[in-house]
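Undergrad: The following file, query_1.cif, comprises mmCIF, C-alpha atoms:
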```cif
data_final
#
loop_
_atom_site.group_PDB
_atom_site.id
_atom_site.type_symbol
_atom_site.label_atom_id
_atom_site.label_comp_id
_atom_site.auth_asym_id
_atom_site.auth_seq_id
_atom_site.Cartn_x
_atom_site.Cartn_y
_atom_site.Cartn_z
ATOM 1 C CA MET I 19 -4.376 15.428 -18.141
ATOM 2 C CA GLY I 20 -4.639 19.060 -19.269
ATOM 3 C CA LEU I 21 -6.903 19.913 -16.330
ATOM 4 C CA PHE I 22 -4.481 18.209 -13.916
ATOM 5 C CA THR I 23 -1.535 20.178 -15.345
ATOM 6 C CA LYS I 24 -3.534 23.424 -15.099
ATOM 7 C CA LYS I 25 -4.489 22.679 -11.482
ATOM 8 C CA THR I 26 -0.873 21.778 -10.611
ATOM 9 C CA THR I 27 0.415 25.028 -12.143
ATOM 10 C CA GLU I 28 -2.304 27.013 -10.358
ATOM 11 C CA MET I 29 -1.466 25.283 -7.057
ATOM 12 C CA GLU I 30 2.267 25.980 -7.472
ATOM 13 C CA ALA I 31 1.539 29.666 -8.172
ATOM 14 C CA LEU I 32 -0.730 29.918 -5.119
ATOM 15 C CA GLU I 33 1.788 28.182 -2.864
ATOM 16 C CA ALA I 34 4.540 30.537 -4.096
ATOM 17 C CA LYS I 35 2.259 33.530 -3.437
ATOM 18 C CA GLN I 36 1.418 32.166 0.011
ATOM 19 C CA GLY I 37 5.146 31.802 0.790
ATOM 20 C CA LYS I 38 5.841 35.411 -0.261
ATOM 21 C CA LEU I 39 2.906 36.731 1.769
ATOM 22 C CA GLN I 40 4.001 34.796 4.842
ATOM 23 C CA GLY I 41 7.504 36.250 4.396
ATOM 24 C CA LYS I 42 6.008 39.743 4.137
ATOM 25 C CA ALA I 43 3.906 39.137 7.263
ATOM 26 C CA GLN I 44 7.027 38.046 9.130
ATOM 27 C CA GLU I 45 8.836 41.216 7.991
ATOM 28 C CA LEU I 46 5.918 43.383 9.143
ATOM 29 C CA GLN I 47 5.839 41.693 12.546
ATOM 30 C CA THR I 48 9.580 42.326 12.905
ATOM 31 C CA LYS I 49 9.039 45.947 11.811
ATOM 32 C CA ILE I 50 6.211 46.421 14.339
ATOM 33 C CA SER I 51 8.375 44.925 17.074
ATOM 34 C CA LYS I 52 11.235 47.315 16.256
ATOM 35 C CA ILE I 53 8.886 50.338 16.091
ATOM 36 C CA GLN I 54 7.388 49.305 19.462
ATOM 37 C CA ASN I 55 10.927 49.248 20.896
ATOM 38 C CA GLY I 56 11.473 52.745 19.462
ATOM 39 C CA LEU I 57 8.122 53.873 20.901
ATOM 40 C CA ALA I 58 9.109 52.596 24.346
ATOM 41 C CA ILE I 59 12.319 54.647 24.187
ATOM 42 C CA ALA I 60 10.422 57.731 22.904
ATOM 43 C CA GLU I 61 7.817 57.387 25.684
ATOM 44 C CA THR I 62 10.646 57.120 28.232
ATOM 45 C CA ASN I 63 12.241 60.271 26.779
ATOM 46 C CA LEU I 64 8.845 62.001 26.944
ATOM 47 C CA MET I 65 8.465 61.045 30.623
ATOM 48 C CA ILE I 66 11.880 62.558 31.334
ATOM 49 C CA ASP I 67 11.440 65.663 29.177
ATOM 50 C CA GLU I 68 7.894 66.560 28.092
ATOM 51 C CA THR I 69 8.823 68.539 25.041
ATOM 52 C CA ALA I 70 6.850 68.935 21.835
ATOM 53 C CA ALA I 71 9.628 67.157 19.928
ATOM 54 C CA TYR I 72 9.346 64.020 22.116
ATOM 55 C CA LYS I 73 5.545 64.209 21.981
ATOM 56 C CA LYS I 74 5.743 64.411 18.162
ATOM 57 C CA GLN I 75 8.184 61.496 18.124
ATOM 58 C CA VAL I 76 5.812 59.321 20.269
ATOM 59 C CA ASP I 77 2.876 60.178 17.977
ATOM 60 C CA LYS I 78 5.012 59.366 14.928
ATOM 61 C CA PHE I 79 5.876 55.922 16.363
ATOM 62 C CA LYS I 80 2.205 55.243 17.197
ATOM 63 C CA VAL I 81 1.111 56.183 13.651
ATOM 64 C CA ALA I 82 3.863 53.979 12.217
ATOM 65 C CA ILE I 83 2.741 51.021 14.383
ATOM 66 C CA GLU I 84 -0.914 51.522 13.388
ATOM 67 C CA LYS I 85 0.027 51.739 9.711
ATOM 68 C CA ALA I 86 2.196 48.582 9.929
ATOM 69 C CA GLN I 87 -0.580 46.715 11.776
ATOM 70 C CA GLN I 88 -3.110 47.686 9.091
ATOM 71 C CA GLU I 89 -0.678 46.465 6.455
ATOM 72 C CA LEU I 90 -0.202 43.223 8.444
ATOM 73 C CA GLU I 91 -3.983 42.743 8.646
ATOM 74 C CA ALA I 92 -4.270 43.244 4.873
ATOM 75 C CA VAL I 93 -1.484 40.692 4.293
ATOM 76 C CA GLY I 94 -3.208 38.320 6.770
ATOM 77 C CA ALA I 95 -6.457 38.647 4.799
ATOM 78 C CA GLU I 96 -4.554 37.860 1.563
ATOM 79 C CA ILE I 97 -2.904 34.824 3.206
ATOM 80 C CA SER I 98 -6.346 33.649 4.320
ATOM 81 C CA GLU I 99 -7.774 34.108 0.783
ATOM 82 C CA VAL I 100 -4.861 32.226 -0.816
ATOM 83 C CA GLY I 101 -5.287 29.487 1.815
ATOM 84 C CA SER I 102 -8.975 29.221 0.869
ATOM 85 C CA GLN I 103 -8.080 28.939 -2.825
ATOM 86 C CA ILE I 104 -5.512 26.215 -2.073
ATOM 87 C CA GLY I 105 -8.117 24.425 0.064
ATOM 88 C CA ALA I 106 -10.669 24.645 -2.760
ATOM 89 C CA ILE I 107 -8.208 23.130 -5.251
ATOM 90 C CA ASN I 108 -7.335 20.336 -2.809
ATOM 91 C CA GLU I 109 -11.038 19.688 -2.216
ATOM 92 C CA ALA I 110 -11.750 19.652 -5.969
ATOM 93 C CA GLU I 111 -8.882 17.203 -6.549
ATOM 94 C CA LYS I 112 -10.125 15.004 -3.712
ATOM 95 C CA GLN I 113 -13.669 15.043 -5.154
ATOM 96 C CA ALA I 114 -12.309 14.270 -8.632
ATOM 97 C CA LYS I 115 -10.481 11.226 -7.207
ATOM 98 C CA ILE I 116 -13.641 10.108 -5.374
ATOM 99 C CA ASP I 117 -15.680 10.511 -8.591
ATOM 100 C CA GLU I 118 -13.048 8.589 -10.581
ATOM 101 C CA ALA I 119 -13.015 5.751 -8.030
ATOM 102 C CA ALA I 120 -16.846 5.662 -7.991
ATOM 103 C CA SER I 121 -16.896 5.542 -11.785
ATOM 104 C CA ALA I 122 -14.461 2.599 -11.738
ATOM 105 C CA ILE I 123 -16.677 0.797 -9.194
ATOM 106 C CA THR I 124 -19.735 1.393 -11.396
ATOM 107 C CA GLN I 125 -17.920 0.007 -14.448
ATOM 108 C CA ASP I 126 -16.488 -3.013 -12.585
ATOM 109 C CA THR I 127 -19.862 -3.803 -10.973
ATOM 110 C CA TYR I 128 -21.646 -3.405 -14.312
ATOM 111 C CA LEU I 129 -19.271 -5.807 -16.063
ATOM 112 C CA ALA I 130 -19.213 -8.366 -13.220
ATOM 113 C CA HIS I 131 -23.005 -8.320 -12.889
ATOM 114 C CA LYS I 132 -23.776 -8.779 -16.566
ATOM 115 C CA ARG I 133 -21.249 -11.649 -16.699
ATOM 116 C CA ARG I 134 -22.932 -13.218 -13.649
ATOM 117 C CA LEU I 135 -26.353 -12.795 -15.271
ATOM 118 C CA MET I 136 -25.030 -14.516 -18.404
ATOM 119 C CA GLU I 137 -23.501 -17.321 -16.293
ATOM 120 C CA MET I 138 -26.793 -17.956 -14.428
ATOM 121 C CA LYS I 139 -28.816 -17.904 -17.652
ATOM 122 C CA ALA I 140 -26.336 -20.246 -19.360
ATOM 123 C CA GLU I 141 -26.587 -22.689 -16.433
ATOM 124 C CA LYS I 142 -30.405 -22.683 -16.712
ATOM 125 C CA LEU I 143 -30.212 -23.173 -20.469
ATOM 126 C CA VAL I 144 -27.823 -26.121 -20.074
ATOM 127 C CA GLU I 145 -30.256 -27.716 -17.596
ATOM 128 C CA ARG I 146 -33.161 -27.200 -19.973
ATOM 129 C CA LEU I 147 -31.193 -28.450 -22.983
ATOM 130 C CA TYR I 148 -29.966 -31.619 -21.264
ATOM 131 C CA GLY I 149 -31.001 -34.614 -23.366
ATOM 132 C CA ARG I 150 -32.544 -32.436 -26.113
ATOM 133 C CA SER I 151 -29.511 -31.836 -28.270
ATOM 134 C CA GLY I 152 -29.778 -34.977 -30.404
ATOM 135 C CA TYR I 153 -30.408 -34.558 -34.105
ATOM 136 C CA GLY I 154 -30.712 -36.644 -37.254
ATOM 137 C CA TYR I 155 -34.446 -36.956 -37.121
ATOM 138 C CA ASN I 156 -35.134 -38.465 -40.513
ATOM 139 C CA THR I 157 -38.399 -40.224 -39.664
ATOM 140 C CA GLU I 158 -40.207 -38.763 -42.689
ATOM 141 C CA MET I 159 -37.347 -39.756 -45.021
ATOM 142 C CA LYS I 160 -37.431 -43.328 -43.632
ATOM 143 C CA ARG I 161 -41.205 -43.459 -44.152
ATOM 144 C CA LEU I 162 -40.801 -42.279 -47.768
ATOM 145 C CA ALA I 163 -38.115 -44.927 -48.310
ATOM 146 C CA GLY I 164 -40.333 -47.570 -46.746
ATOM 147 C CA VAL I 165 -37.943 -48.188 -43.837
ATOM 148 C CA GLY I 166 -39.209 -48.842 -40.299
ATOM 149 C CA SER I 167 -38.610 -46.264 -37.574
ATOM 150 C CA THR I 168 -36.122 -48.511 -35.752
ATOM 151 C CA GLU I 169 -34.168 -49.346 -38.933
ATOM 152 C CA GLN I 170 -31.580 -47.194 -40.712
ATOM 153 C CA LEU I 171 -31.325 -46.061 -44.331
ATOM 154 C CA ASP I 172 -28.735 -48.178 -46.088
ATOM 155 C CA PRO I 173 -26.536 -46.052 -48.414
ATOM 156 C CA THR I 174 -25.487 -49.190 -50.314
ATOM 157 C CA ASN I 175 -29.102 -50.093 -51.126
ATOM 158 C CA PRO I 176 -30.009 -48.399 -54.453
ATOM 159 C CA ALA I 177 -33.628 -47.980 -53.266
ATOM 160 C CA HIS I 178 -32.440 -46.093 -50.187
ATOM 161 C CA ALA I 179 -29.652 -44.108 -51.893
ATOM 162 C CA PRO I 180 -31.678 -40.979 -52.949
ATOM 163 C CA PHE I 181 -33.321 -40.808 -49.499
ATOM 164 C CA TYR I 182 -30.018 -41.303 -47.708
ATOM 165 C CA GLU I 183 -28.295 -38.663 -49.893
ATOM 166 C CA ALA I 184 -31.121 -36.127 -49.375
ATOM 167 C CA SER I 185 -31.150 -36.842 -45.622
ATOM 168 C CA THR I 186 -27.349 -36.427 -45.346
ATOM 169 C CA LYS I 187 -27.411 -33.194 -47.375
ATOM 170 C CA ALA I 188 -30.294 -31.796 -45.298
ATOM 171 C CA SER I 189 -28.484 -32.639 -42.036
ATOM 172 C CA ALA I 190 -25.281 -30.938 -43.266
ATOM 173 C CA SER I 191 -27.290 -27.859 -44.285
ATOM 174 C CA GLY I 192 -28.974 -27.760 -40.869
ATOM 175 C CA ILE I 193 -25.590 -28.077 -39.110
ATOM 176 C CA GLU I 194 -24.057 -25.344 -41.259
ATOM 177 C CA LYS I 195 -26.981 -22.970 -40.608
ATOM 178 C CA ALA I 196 -26.913 -23.686 -36.849
ATOM 179 C CA GLU I 197 -23.132 -23.104 -36.672
ATOM 180 C CA ARG I 198 -23.395 -19.871 -38.651
ATOM 181 C CA GLU I 199 -26.162 -18.535 -36.393
ATOM 182 C CA PHE I 200 -24.342 -19.771 -33.287
ATOM 183 C CA GLU I 201 -21.158 -17.909 -34.310
ATOM 184 C CA LYS I 202 -23.192 -14.700 -34.658
ATOM 185 C CA LEU I 203 -24.799 -15.327 -31.269
ATOM 186 C CA VAL I 204 -21.425 -16.016 -29.618
ATOM 187 C CA ALA I 205 -20.028 -12.792 -31.128
ATOM 188 C CA GLU I 206 -22.966 -10.872 -29.585
ATOM 189 C CA ILE I 207 -22.484 -12.626 -26.226
ATOM 190 C CA GLU I 208 -18.731 -11.860 -26.295
ATOM 191 C CA LYS I 209 -19.561 -8.249 -27.013
ATOM 192 C CA PHE I 210 -22.106 -8.167 -24.170
ATOM 193 C CA ILE I 211 -19.849 -9.795 -21.533
ATOM 194 C CA GLU I 212 -16.760 -8.026 -22.968
ATOM 195 C CA MET I 213 -14.604 -11.125 -23.202
ATOM 196 C CA LYS I 214 -13.678 -13.773 -25.774
ATOM 197 C CA LEU I 215 -15.182 -17.184 -25.165
ATOM 198 C CA SER I 216 -12.779 -19.091 -27.419
#
```
Translate the structure described by the file into structure tokens.
TA:
Amino acid sequence: MGLFTKKTTEMEALEAKQGKLQGKAQELQTKISKIQNGLAIAETNLMIDETAAYKKQVDKFKVAIEKAQQELEAVGAEISEVGSQIGAINEAEKQAKIDEAASAITQDTYLAHKRRLMEMKAEKLVERLYGRSGYGYNTEMKRLAGVGSTEQLDPTNPAHAPFYEASTKASASGIEKAEREFEKLVAEIEKFIEMKLS
């Protein structure tokens, strides 16, 4: 914002200077035109009466025109320089806007692409995980309790109770650990894709 304000102030100053110079150039052109009118009259007088006074007057008008034209050329060069400076500021502002727009495109593309990458990977993971998310594998606990693989531990049976309790506790611990790790993973994913999933 500071740079923009500085450039705006600089532009306003240059435009004001350009306006003054153009006004001065207009005045000089008017002056030259008037002197040329005077010269025409002096040259007419000289044609009628070739005196030293008229000759001096013609020379004086010619010198005045030359001097005014030199001054006009100098003002024209200044106007051209100020115009170049204004053009440079406009070009710099245009380039700054192009750079800003390009930066926004880079950021938008970056975010969209990493979200798309995450989406594609998530779809593949879901396909691979299909049918593999079951849990409660307590085959070893059943074997220790003397229960067949197709049977279940009976919490009301005193012989099964310690195995059932240990199996239930172990499952809860596994769930708690998985949820804790999953929350950390989701937080990292949210950070990566820059959006909340919940």
Undergrad: Once the PyMOL selection byres ((chain I and resi 35) around 12) has been evaluated on this model, what residues remain selected, and can you format them as an mmCIF file with C-alpha atoms, keeping the file's coordinate frame?
TA:
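Final output, saved to part_5.cif:
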```cif
data_model
loop_
_atom_site.group_PDB
_atom_site.id
_atom_site.type_symbol
_atom_site.label_atom_id
_atom_site.label_comp_id
_atom_site.auth_asym_id
_atom_site.auth_seq_id
_atom_site.Cartn_x
_atom_site.Cartn_y
_atom_site.Cartn_z
ATOM 1 C CA GLU I 28 -2.304 27.013 -10.358
ATOM 2 C CA MET I 29 -1.466 25.283 -7.057
ATOM 3 C CA GLU I 30 2.267 25.980 -7.472
ATOM 4 C CA ALA I 31 1.539 29.666 -8.172
ATOM 5 C CA LEU I 32 -0.730 29.918 -5.119
ATOM 6 C CA GLU I 33 1.788 28.182 -2.864
ATOM 7 C CA ALA I 34 4.540 30.537 -4.096
ATOM 8 C CA GLN I 36 1.418 32.166 0.011
ATOM 9 C CA GLY I 37 5.146 31.802 0.790
ATOM 10 C CA LYS I 38 5.841 35.411 -0.261
ATOM 11 C CA LEU I 39 2.906 36.731 1.769
ATOM 12 C CA GLN I 40 4.001 34.796 4.842
ATOM 13 C CA GLY I 41 7.504 36.250 4.396
ATOM 14 C CA LYS I 42 6.008 39.743 4.137
ATOM 15 C CA VAL I 93 -1.484 40.692 4.293
ATOM 16 C CA GLU I 96 -4.554 37.860 1.563
ATOM 17 C CA ILE I 97 -2.904 34.824 3.206
ATOM 18 C CA SER I 98 -6.346 33.649 4.320
ATOM 19 C CA GLU I 99 -7.774 34.108 0.783
ATOM 20 C CA VAL I 100 -4.861 32.226 -0.816
ATOM 21 C CA GLY I 101 -5.287 29.487 1.815
ATOM 22 C CA GLN I 103 -8.080 28.939 -2.825
ATOM 23 C CA ILE I 104 -5.512 26.215 -2.073
#
```
Undergrad: Suppose you want the space between atom CA of Asn175 of chain I and atom CA of Lys160 of chain I; what is it in Å?
TA: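 We find that atom CA of Asn175 of chain I and atom CA of Lys160 of chain I lie 13.1 Å from each other.
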Undergrad: Specify the axis-aligned box that encloses all atoms of segment 142-150 of chain I listed in the file after padding of 4 Å on each side, stating its centre and edge lengths in Å to one decimal as AutoDock Vina command-line options.
TA:
```
--center_x -30.5 --center_y -28.6 --center_z -21.4 --size_x 13.3 --size_y 19.9 --size_z 17.4
```
Undergrad: How far is it from atom CA of Ser185 of chain I to atom CA of Leu143 of chain I, in Å with one decimal?
TA: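 Between atom CA of Ser185 of chain I and atom CA of Leu143 of chain I the gap is 28.6 Å.
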Undergrad: What lies within 8 Å of Leu57 of chain I using all atoms listed in the file, ignoring chain neighbours under 4 positions off, as number ranges by chain?
TA: I: 53, 61, 76, 79-80
Undergrad: For a test of reading the model, state the distance in Å between atom CA of Thr27 of chain I and atom CA of Ala95 of chain I, rounded to one decimal.
TA: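 So the answer is 22.8 Å.
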Undergrad: Please determine, counting all atoms listed in the file, which residue among I:Lys25, I:Lys195, I:Phe200, I:Lys52 has the shortest atom-to-atom distance to Ala110 of chain I.
TA: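 Of I:Lys25, I:Lys195, I:Phe200, I:Lys52, the one nearest Ala110 of chain I is I:Lys25, counting all atoms listed in the file.
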Undergrad: Could you write out as a ChimeraX atom specification the residues that the PyMOL selection byres ((chain I and resi 132-135) around 10) matches in the shown file?
TA: /I:127-131,136-141,207-208,210-213
Undergrad: Can you work out which one of I:Tyr182, I:Glu111, I:Lys187, I:Ile123 has the shortest atom-to-atom distance to Glu158 of chain I, counting all atoms listed in the file?
TA: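 Among the listed residues, the smallest separation from Glu158 of chain I belongs to I:Tyr182.
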Undergrad: Considering only C-alpha atoms, state which residue in the set I:His178, I:Glu89, I:Thr26, I:Lys78 is at the smallest distance from Asn108 of chain I.
TA: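 Of all the options, I:Thr26 lies closest to Asn108 of chain I.
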